[in-house]
>>> print(open('input00.cif').read())   # mmCIF, C-alpha atoms and all ligand atoms
data_input
#
loop_
_atom_site.group_PDB
_atom_site.id
_atom_site.type_symbol
_atom_site.label_atom_id
_atom_site.label_comp_id
_atom_site.auth_asym_id
_atom_site.auth_seq_id
_atom_site.Cartn_x
_atom_site.Cartn_y
_atom_site.Cartn_z
ATOM 1 C CA MET A 1 -44.687 12.374 -201.246
ATOM 2 C CA GLY A 2 -46.738 14.242 -203.832
ATOM 3 C CA LYS A 3 -47.849 17.621 -202.642
ATOM 4 C CA PRO A 4 -45.505 18.948 -199.944
ATOM 5 C CA LYS A 5 -47.167 19.717 -196.640
ATOM 6 C CA GLY A 6 -47.701 23.364 -195.881
ATOM 7 C CA GLU A 7 -47.782 24.540 -199.469
ATOM 8 C CA PRO A 8 -50.797 26.516 -200.537
ATOM 9 C CA ARG A 9 -53.253 24.989 -202.964
ATOM 10 C CA ALA A 10 -52.669 25.329 -206.672
ATOM 11 C CA SER A 11 -55.521 27.822 -206.817
ATOM 12 C CA TRP A 12 -52.871 30.359 -205.722
ATOM 13 C CA VAL A 13 -52.140 30.774 -209.445
ATOM 14 C CA GLU A 14 -53.103 34.252 -210.471
ATOM 15 C CA LYS A 15 -56.024 34.566 -212.824
ATOM 16 C CA GLU A 16 -55.064 32.588 -215.852
ATOM 17 C CA THR A 17 -57.302 31.293 -218.601
ATOM 18 C CA PHE A 18 -57.066 27.664 -219.634
ATOM 19 C CA GLU A 19 -55.453 28.733 -222.928
ATOM 20 C CA GLU A 20 -52.818 30.753 -221.060
ATOM 21 C CA LYS A 21 -52.124 27.826 -218.785
ATOM 22 C CA LYS A 22 -51.782 25.541 -221.798
ATOM 23 C CA LYS A 23 -49.337 27.940 -223.420
ATOM 24 C CA ARG A 24 -47.308 28.145 -220.197
ATOM 25 C CA ALA A 25 -47.307 24.340 -219.890
ATOM 26 C CA ARG A 26 -45.957 23.950 -223.413
ATOM 27 C CA THR A 27 -43.222 26.551 -222.875
ATOM 28 C CA ILE A 28 -42.183 24.694 -219.719
ATOM 29 C CA LEU A 29 -42.165 21.453 -221.706
ATOM 30 C CA ARG A 30 -39.887 22.913 -224.410
ATOM 31 C CA ARG A 31 -37.415 24.183 -221.832
ATOM 32 C CA LEU A 32 -37.323 20.867 -219.996
ATOM 33 C CA GLU A 33 -36.866 19.017 -223.301
ATOM 34 C CA LYS A 34 -33.821 21.160 -223.949
ATOM 35 C CA LEU A 35 -32.503 20.598 -220.434
ATOM 36 C CA TYR A 36 -33.033 16.815 -220.434
ATOM 37 C CA PRO A 37 -32.663 15.769 -224.099
ATOM 38 C CA ARG A 38 -32.084 12.097 -223.335
ATOM 39 C CA THR A 39 -34.801 11.617 -220.757
ATOM 40 C CA ARG A 40 -35.904 7.988 -220.253
ATOM 41 C CA THR A 41 -36.932 5.628 -217.521
ATOM 42 C CA ALA A 42 -34.114 4.954 -215.055
ATOM 43 C CA LEU A 43 -35.232 1.325 -214.674
ATOM 44 C CA ASP A 44 -33.091 -1.336 -216.367
ATOM 45 C CA TYR A 45 -34.949 -3.931 -218.470
ATOM 46 C CA THR A 46 -34.556 -5.899 -221.675
ATOM 47 C CA ASN A 47 -38.186 -6.752 -222.488
ATOM 48 C CA PRO A 48 -41.753 -5.661 -221.549
ATOM 49 C CA PHE A 49 -42.105 -8.355 -218.871
ATOM 50 C CA GLU A 50 -38.952 -7.242 -217.061
ATOM 51 C CA LEU A 51 -40.123 -3.631 -217.233
ATOM 52 C CA LEU A 52 -43.498 -4.602 -215.797
ATOM 53 C CA VAL A 53 -41.898 -6.435 -212.859
ATOM 54 C CA ALA A 54 -39.356 -3.629 -212.298
ATOM 55 C CA THR A 55 -42.138 -1.048 -212.253
ATOM 56 C CA VAL A 56 -44.099 -3.050 -209.675
ATOM 57 C CA LEU A 57 -40.939 -3.239 -207.541
ATOM 58 C CA SER A 58 -40.313 0.502 -207.866
ATOM 59 C CA ALA A 59 -43.390 1.463 -205.820
ATOM 60 C CA GLN A 60 -42.211 3.104 -202.576
ATOM 61 C CA SER A 61 -38.624 2.325 -203.567
ATOM 62 C CA THR A 62 -35.914 3.955 -205.689
ATOM 63 C CA ASP A 63 -35.053 3.054 -209.277
ATOM 64 C CA LYS A 64 -31.452 2.623 -208.154
ATOM 65 C CA MET A 65 -32.437 -0.003 -205.583
ATOM 66 C CA VAL A 66 -34.702 -1.780 -208.071
ATOM 67 C CA ASN A 67 -31.868 -1.935 -210.615
ATOM 68 C CA ILE A 68 -29.596 -3.543 -208.023
ATOM 69 C CA ILE A 69 -32.252 -6.166 -207.223
ATOM 70 C CA THR A 70 -33.160 -6.945 -210.834
ATOM 71 C CA VAL A 71 -29.573 -7.674 -211.918
ATOM 72 C CA THR A 72 -29.828 -11.052 -210.184
ATOM 73 C CA LEU A 73 -33.634 -11.361 -210.146
ATOM 74 C CA PHE A 74 -33.927 -11.390 -213.942
ATOM 75 C CA GLN A 75 -31.197 -14.004 -214.235
ATOM 76 C CA LYS A 76 -33.085 -16.280 -211.867
ATOM 77 C CA TYR A 77 -36.640 -15.564 -213.136
ATOM 78 C CA ARG A 78 -36.867 -15.179 -216.900
ATOM 79 C CA SER A 79 -40.602 -15.690 -217.470
ATOM 80 C CA PRO A 80 -43.972 -15.608 -215.674
ATOM 81 C CA GLU A 81 -43.673 -19.384 -215.243
ATOM 82 C CA ASP A 82 -40.376 -18.983 -213.376
ATOM 83 C CA PHE A 83 -41.985 -16.624 -210.843
ATOM 84 C CA LEU A 84 -44.798 -19.101 -210.242
ATOM 85 C CA LYS A 85 -42.299 -21.898 -209.592
ATOM 86 C CA ALA A 86 -40.653 -20.019 -206.687
ATOM 87 C CA LYS A 87 -40.983 -21.740 -203.320
ATOM 88 C CA PRO A 88 -43.114 -20.002 -200.651
ATOM 89 C CA GLY A 89 -41.094 -17.126 -199.239
ATOM 90 C CA GLU A 90 -38.332 -17.398 -201.854
ATOM 91 C CA LEU A 91 -39.513 -14.571 -204.089
ATOM 92 C CA GLU A 92 -40.239 -12.418 -201.048
ATOM 93 C CA GLN A 93 -36.623 -12.886 -199.955
ATOM 94 C CA ASP A 94 -35.312 -12.073 -203.434
ATOM 95 C CA ILE A 95 -37.141 -8.719 -203.579
ATOM 96 C CA LYS A 96 -37.034 -7.864 -199.861
ATOM 97 C CA ALA A 97 -34.718 -4.851 -200.297
ATOM 98 C CA SER A 98 -37.360 -3.013 -202.365
ATOM 99 C CA GLY A 99 -39.746 -2.810 -199.366
ATOM 100 C CA PHE A 100 -43.395 -3.913 -199.152
ATOM 101 C CA PHE A 101 -42.094 -7.228 -200.444
ATOM 102 C CA ASN A 102 -45.066 -9.371 -199.381
ATOM 103 C CA GLN A 103 -47.510 -7.241 -201.365
ATOM 104 C CA LYS A 104 -45.137 -6.946 -204.324
ATOM 105 C CA ALA A 105 -44.514 -10.714 -204.401
ATOM 106 C CA LYS A 106 -48.284 -11.239 -204.359
ATOM 107 C CA SER A 107 -48.701 -8.827 -207.278
ATOM 108 C CA ILE A 108 -45.890 -10.441 -209.294
ATOM 109 C CA ARG A 109 -47.361 -13.917 -208.756
ATOM 110 C CA GLY A 110 -50.841 -12.650 -209.590
ATOM 111 C CA LEU A 111 -49.824 -10.863 -212.760
ATOM 112 C CA SER A 112 -47.662 -13.811 -213.860
ATOM 113 C CA GLN A 113 -50.658 -16.115 -213.455
ATOM 114 C CA LYS A 114 -52.893 -13.743 -215.389
ATOM 115 C CA LEU A 115 -50.359 -13.294 -218.197
ATOM 116 C CA ILE A 116 -50.222 -17.066 -218.641
ATOM 117 C CA SER A 117 -53.987 -17.658 -218.416
ATOM 118 C CA ASP A 118 -55.192 -14.684 -220.497
ATOM 119 C CA PHE A 119 -52.346 -13.411 -222.650
ATOM 120 C CA GLY A 120 -50.278 -16.440 -223.685
ATOM 121 C CA GLY A 121 -47.501 -15.415 -221.286
ATOM 122 C CA GLU A 122 -46.936 -12.079 -223.076
ATOM 123 C CA VAL A 123 -47.400 -8.588 -221.682
ATOM 124 C CA PRO A 124 -50.411 -6.991 -223.415
ATOM 125 C CA SER A 125 -49.977 -3.625 -225.115
ATOM 126 C CA THR A 126 -53.227 -1.807 -224.317
ATOM 127 C CA MET A 127 -54.225 0.158 -221.235
ATOM 128 C CA GLU A 128 -57.448 -1.816 -220.893
ATOM 129 C CA GLU A 129 -55.676 -5.168 -220.834
ATOM 130 C CA LEU A 130 -52.826 -4.030 -218.594
ATOM 131 C CA LEU A 131 -55.295 -2.785 -215.997
ATOM 132 C CA THR A 132 -56.700 -6.318 -215.660
ATOM 133 C CA LEU A 133 -53.364 -7.489 -214.206
ATOM 134 C CA PRO A 134 -53.196 -7.708 -210.391
ATOM 135 C CA GLY A 135 -51.174 -4.870 -208.857
ATOM 136 C CA VAL A 136 -51.176 -2.832 -212.076
ATOM 137 C CA ALA A 137 -52.730 0.642 -211.956
ATOM 138 C CA ARG A 138 -52.542 3.433 -214.512
ATOM 139 C CA LYS A 139 -49.092 4.612 -213.450
ATOM 140 C CA THR A 140 -47.500 1.211 -214.043
ATOM 141 C CA ALA A 141 -49.512 0.687 -217.243
ATOM 142 C CA ASN A 142 -48.380 4.075 -218.594
ATOM 143 C CA VAL A 143 -44.721 3.301 -217.846
ATOM 144 C CA VAL A 144 -44.986 -0.038 -219.690
ATOM 145 C CA LEU A 145 -46.978 1.348 -222.627
ATOM 146 C CA GLY A 146 -44.651 4.304 -223.137
ATOM 147 C CA ASN A 147 -41.286 2.645 -222.625
ATOM 148 C CA ALA A 148 -41.886 -0.861 -223.952
ATOM 149 C CA PHE A 149 -44.437 -0.164 -226.694
ATOM 150 C CA GLY A 150 -43.863 3.513 -227.566
ATOM 151 C CA LYS A 151 -47.520 4.328 -226.887
ATOM 152 C CA ASN A 152 -48.931 7.576 -225.519
ATOM 153 C CA GLU A 153 -52.104 6.438 -223.779
ATOM 154 C CA GLY A 154 -51.633 8.553 -220.677
ATOM 155 C CA ILE A 155 -49.135 10.258 -218.384
ATOM 156 C CA ALA A 156 -47.537 8.256 -215.570
ATOM 157 C CA VAL A 157 -47.998 10.244 -212.351
ATOM 158 C CA ASP A 158 -45.461 9.364 -209.682
ATOM 159 C CA THR A 159 -44.490 11.395 -206.629
ATOM 160 C CA HIS A 160 -42.334 13.830 -208.662
ATOM 161 C CA VAL A 161 -44.955 14.387 -211.356
ATOM 162 C CA HIS A 162 -47.567 14.913 -208.667
ATOM 163 C CA ARG A 163 -45.444 17.439 -206.774
ATOM 164 C CA LEU A 164 -44.412 19.428 -209.849
ATOM 165 C CA SER A 165 -47.962 19.494 -211.225
ATOM 166 C CA TRP A 166 -48.980 21.023 -207.922
ATOM 167 C CA ARG A 167 -46.187 23.604 -207.907
ATOM 168 C CA PHE A 168 -46.833 24.605 -211.517
ATOM 169 C CA GLY A 169 -50.511 25.024 -210.662
ATOM 170 C CA PHE A 170 -51.492 22.445 -213.285
ATOM 171 C CA SER A 171 -53.522 20.329 -210.872
ATOM 172 C CA ASP A 172 -54.528 20.524 -207.242
ATOM 173 C CA HIS A 173 -55.968 17.019 -206.974
ATOM 174 C CA ASP A 174 -54.798 14.413 -204.466
ATOM 175 C CA ASP A 175 -55.979 11.565 -206.688
ATOM 176 C CA THR A 176 -53.211 10.814 -209.195
ATOM 177 C CA ASN A 177 -55.716 9.662 -211.820
ATOM 178 C CA LYS A 178 -57.293 13.134 -211.700
ATOM 179 C CA VAL A 179 -53.853 14.781 -211.881
ATOM 180 C CA GLU A 180 -53.194 12.674 -214.975
ATOM 181 C CA GLN A 181 -56.452 13.867 -216.568
ATOM 182 C CA ASP A 182 -55.521 17.516 -215.874
ATOM 183 C CA LEU A 183 -52.077 17.047 -217.434
ATOM 184 C CA MET A 184 -53.478 15.271 -220.482
ATOM 185 C CA LYS A 185 -55.588 18.341 -221.235
ATOM 186 C CA LEU A 186 -52.553 20.651 -221.111
ATOM 187 C CA PHE A 187 -49.997 18.725 -223.179
ATOM 188 C CA PRO A 188 -50.181 17.383 -226.746
ATOM 189 C CA ARG A 189 -50.744 13.638 -226.912
ATOM 190 C CA ASP A 190 -47.500 12.881 -228.722
ATOM 191 C CA LYS A 191 -45.631 14.364 -225.744
ATOM 192 C CA TRP A 192 -47.439 12.528 -222.931
ATOM 193 C CA PHE A 193 -44.756 9.899 -222.538
ATOM 194 C CA ASN A 194 -42.016 12.546 -222.349
ATOM 195 C CA VAL A 195 -43.934 14.816 -219.970
ATOM 196 C CA SER A 196 -43.717 12.223 -217.240
ATOM 197 C CA HIS A 197 -39.974 11.603 -217.683
ATOM 198 C CA LEU A 198 -39.156 15.312 -217.913
ATOM 199 C CA LEU A 199 -41.041 16.161 -214.730
ATOM 200 C CA ILE A 200 -39.361 13.244 -212.950
ATOM 201 C CA ASP A 201 -35.916 14.420 -214.100
ATOM 202 C CA HIS A 202 -36.649 17.955 -212.973
ATOM 203 C CA GLY A 203 -37.995 16.733 -209.643
ATOM 204 C CA ARG A 204 -34.848 14.687 -209.053
ATOM 205 C CA ASN A 205 -32.362 17.344 -210.130
ATOM 206 C CA VAL A 206 -33.818 20.762 -209.292
ATOM 207 C CA CYS A 207 -37.363 20.832 -207.933
ATOM 208 C CA PHE A 208 -36.632 18.746 -204.847
ATOM 209 C CA ALA A 209 -39.433 17.891 -202.431
ATOM 210 C CA ARG A 210 -37.568 19.843 -199.762
ATOM 211 C CA ASN A 211 -35.819 23.070 -200.655
ATOM 212 C CA PRO A 212 -36.382 23.218 -204.425
ATOM 213 C CA ASN A 213 -33.552 25.054 -206.170
ATOM 214 C CA CYS A 214 -35.744 27.827 -207.599
ATOM 215 C CA ALA A 215 -32.790 30.206 -207.993
ATOM 216 C CA GLU A 216 -31.245 27.981 -210.658
ATOM 217 C CA CYS A 217 -34.436 26.686 -212.240
ATOM 218 C CA VAL A 218 -34.866 27.216 -215.999
ATOM 219 C CA VAL A 219 -38.637 27.616 -215.653
ATOM 220 C CA ASN A 220 -38.513 29.948 -212.671
ATOM 221 C CA GLU A 221 -40.505 32.808 -214.176
ATOM 222 C CA LEU A 222 -43.123 30.356 -215.472
ATOM 223 C CA CYS A 223 -43.665 28.729 -212.080
ATOM 224 C CA PRO A 224 -46.085 30.290 -209.591
ATOM 225 C CA ALA A 225 -44.486 28.326 -206.742
ATOM 226 C CA ALA A 226 -41.229 30.232 -207.264
ATOM 227 C CA ARG A 227 -43.009 33.285 -205.915
ATOM 228 C CA VAL A 228 -44.408 31.528 -202.859
ATOM 229 C CA PRO A 229 -41.815 31.386 -200.053
ATOM 230 C CA ALA A 230 -43.495 28.338 -198.464
ATOM 231 C CA VAL A 231 -42.200 26.014 -201.183
ATOM 232 C CA ARG A 232 -38.612 26.983 -200.533
ATOM 233 C CA LYS A 233 -38.874 26.015 -196.869
ATOM 234 C CA LYS A 234 -38.642 22.482 -195.636
ATOM 235 C CA ALA A 235 -41.865 20.632 -196.358
HETATM 236 S S1 LIG B 301 -39.204 27.441 -209.821
HETATM 237 FE FE1 LIG B 301 -38.858 26.229 -207.957
HETATM 238 S S2 LIG B 301 -40.847 25.278 -207.465
HETATM 239 FE FE2 LIG B 301 -40.906 25.987 -209.618
HETATM 240 S S3 LIG B 301 -40.259 24.205 -210.836
HETATM 241 FE FE3 LIG B 301 -38.446 25.431 -210.456
HETATM 242 S S4 LIG B 301 -37.529 24.566 -208.613
HETATM 243 FE FE4 LIG B 301 -39.660 23.833 -208.716
#
>>> encode(input="input00.cif", output="structure tokens")
Amino acid sequence: MGKPKGEPRASWVEKETFEEKKKRARTILRRLEKLYPRTRTALDYTNPFELLVATVLSAQSTDKMVNIITVTLFQKYRSPEDFLKAKPGELEQDIKASGFFNQKAKSIRGLSQKLISDFGGEVPSTMEELLTLPGVARKTANVVLGNAFGKNEGIAVDTHVHRLSWRFGFSDHDDTNKVEQDLMKLFPRDKWFNVSHLLIDHGRNVCFARNPNCAECVVNELCPAARVPAVRKKA
């Protein structure tokens, strides 16, 4: 869930110029950096290919569940070729616990095929190339670029990033690509990778989808949603 049901639109934010919003965004960023100094992806991986597969599996699932699945998955399948060798239904069974396993198995087979045919079996390191892989959209590409290649080409927008962007009044779009564009205008490029992880950490630990803990939030006075009772009720 991105924007909780029943919450007012981000246009609730009192009159604020773009420069003021940018300043507020950067103050929030500094506080979250202090609160979560070791922020990183919660997915376990040892190389870009494993991260790519883990990120595909994480859609509509939890990182914890994906990490349980990949402990054995990455011992059995070590390369794109290994995934293509799986018997019909075998891969689906191996990733079943992550949900939407038919679609995910299709994506993993498709991207494995593409990696072999177009990229010599290696995961490419540009947004443009990553987006040519089946099942890979900007969110997945951003996760791979940031974590595996240390590149800041965008901001991965997952359900937490979407929800917090809404509550902070940084974006009121439903389309995550548009939310990403709004965030990219507010934060310095060298922080894009961290912005995503920090918002995810804060969404998991304090700014819950239901009943956010505004009373103990370090950015309370910088957050317009803290002053709107609707966000503290069940979504
Ligand atoms: S003040 Fe409340 S709504 Fe705003 S970020 Fe903190 S927990 Fe979330």
>>> residues_near_ligand(input="input00.cif", ligand="ligand LIG 301 (chain B)", cutoff="6 Å", atoms="only C-alpha atoms and all ligand atoms", output="list in words")
Arg167, Val206, Cys207, Pro212, Asn213, Cys214, Cys217, Val219, Asn220, Cys223, Ala225 and Ala226 of chain A
>>> residues_near_point(input="input00.cif", point="(-45.5, -14.1, -209.9)", cutoff="9 Å", atoms="only C-alpha atoms", output="PyMOL selection string")
chain A and resi 53+80-86+91+105-113
>>> resolve_selection(input="input00.cif", expression="the PyMOL selection byres (((chain A and resi 49) around 8) and not hetatm)", output="count of residues only")
9
>>> resolve_selection(input="input00.cif", expression="the PyMOL selection byres (((chain A and resi 147-163) around 6) and not hetatm)", output="PyMOL selection string")
chain A and resi 1-3+48+139+142-146+164-166+180+192-193+196+199-200+203
>>> resolve_selection(input="input00.cif", expression="the PyMOL selection byres (((chain A and resi 126) around 9) and not hetatm)", output="list in words")
Pro124, Ser125, Met127, Glu128, Glu129, Leu130, Leu131, Ala141, Leu145, Lys151 and Glu153 of chain A
>>> closest_atom_pairs(input="input00.cif", of="range 151-207 of chain A", to="range 15-19 of chain A", cutoff="12 Å", atoms="all atoms listed in the file", output="CSV")
residue,atom,partner,partner_atom,distance
A:Gly169,CA,A:Glu16,CA,10.2
A:Phe170,CA,A:Phe18,CA,9.9
A:Ser171,CA,A:Phe18,CA,12.0
A:Asp182,CA,A:Phe18,CA,10.9
A:Leu183,CA,A:Phe18,CA,11.9
A:Lys185,CA,A:Phe18,CA,9.6
A:Leu186,CA,A:Phe18,CA,8.5
A:Phe187,CA,A:Glu19,CA,11.4
>>> atom_distance(input="input00.cif", atom1="CA of Thr41 in chain A", atom2="CA of Lys21 in chain A")
26.9 Å
>>> atom_distance(input="input00.cif", atom1="CA of Pro229 in chain A", atom2="CA of Phe168 in chain A")
14.2 Å
>>> closest_residue(input="input00.cif", among="A:Leu57, A:Asn194, A:Leu35, A:Lys114", to="Asp94 in chain A", atoms="only C-alpha atoms")
A:Leu57
>>> atom_distance(input="input00.cif", atom1="CA of Leu222 in chain A", atom2="CA of Arg138 in chain A")
28.5 Å
>>> closest_residue(input="input00.cif", among="A:Ala97, A:Ala215, A:Met184, A:Ala137", to="Gln60 in chain A", atoms="all atoms listed in the file")
A:Ala97
>>> closest_residue(input="input00.cif", among="A:Arg189, A:His202, A:Lys76, A:Lys23", to="Val218 in chain A", atoms="only C-alpha atoms")
A:His202
>>> closest_residue(input="input00.cif", among="A:Arg26, A:Leu133, A:Leu115, A:Asp44", to="Thr72 in chain A", atoms="all atoms listed in the file")
A:Asp44
>>> closest_residue(input="input00.cif", among="A:Arg38, A:Arg31, A:Arg204, A:Lys96", to="Val66 in chain A", atoms="all atoms listed in the file")
A:Lys96
>>> axis_aligned_box(input="input00.cif", around="range 45-63 of chain A", padding_each_side="5 Å", output="AutoDock Vina command-line options")
--center_x -39.3 --center_y -2.2 --center_z -212.5 --size_x 19.5 --size_y 22.3 --size_z 29.9
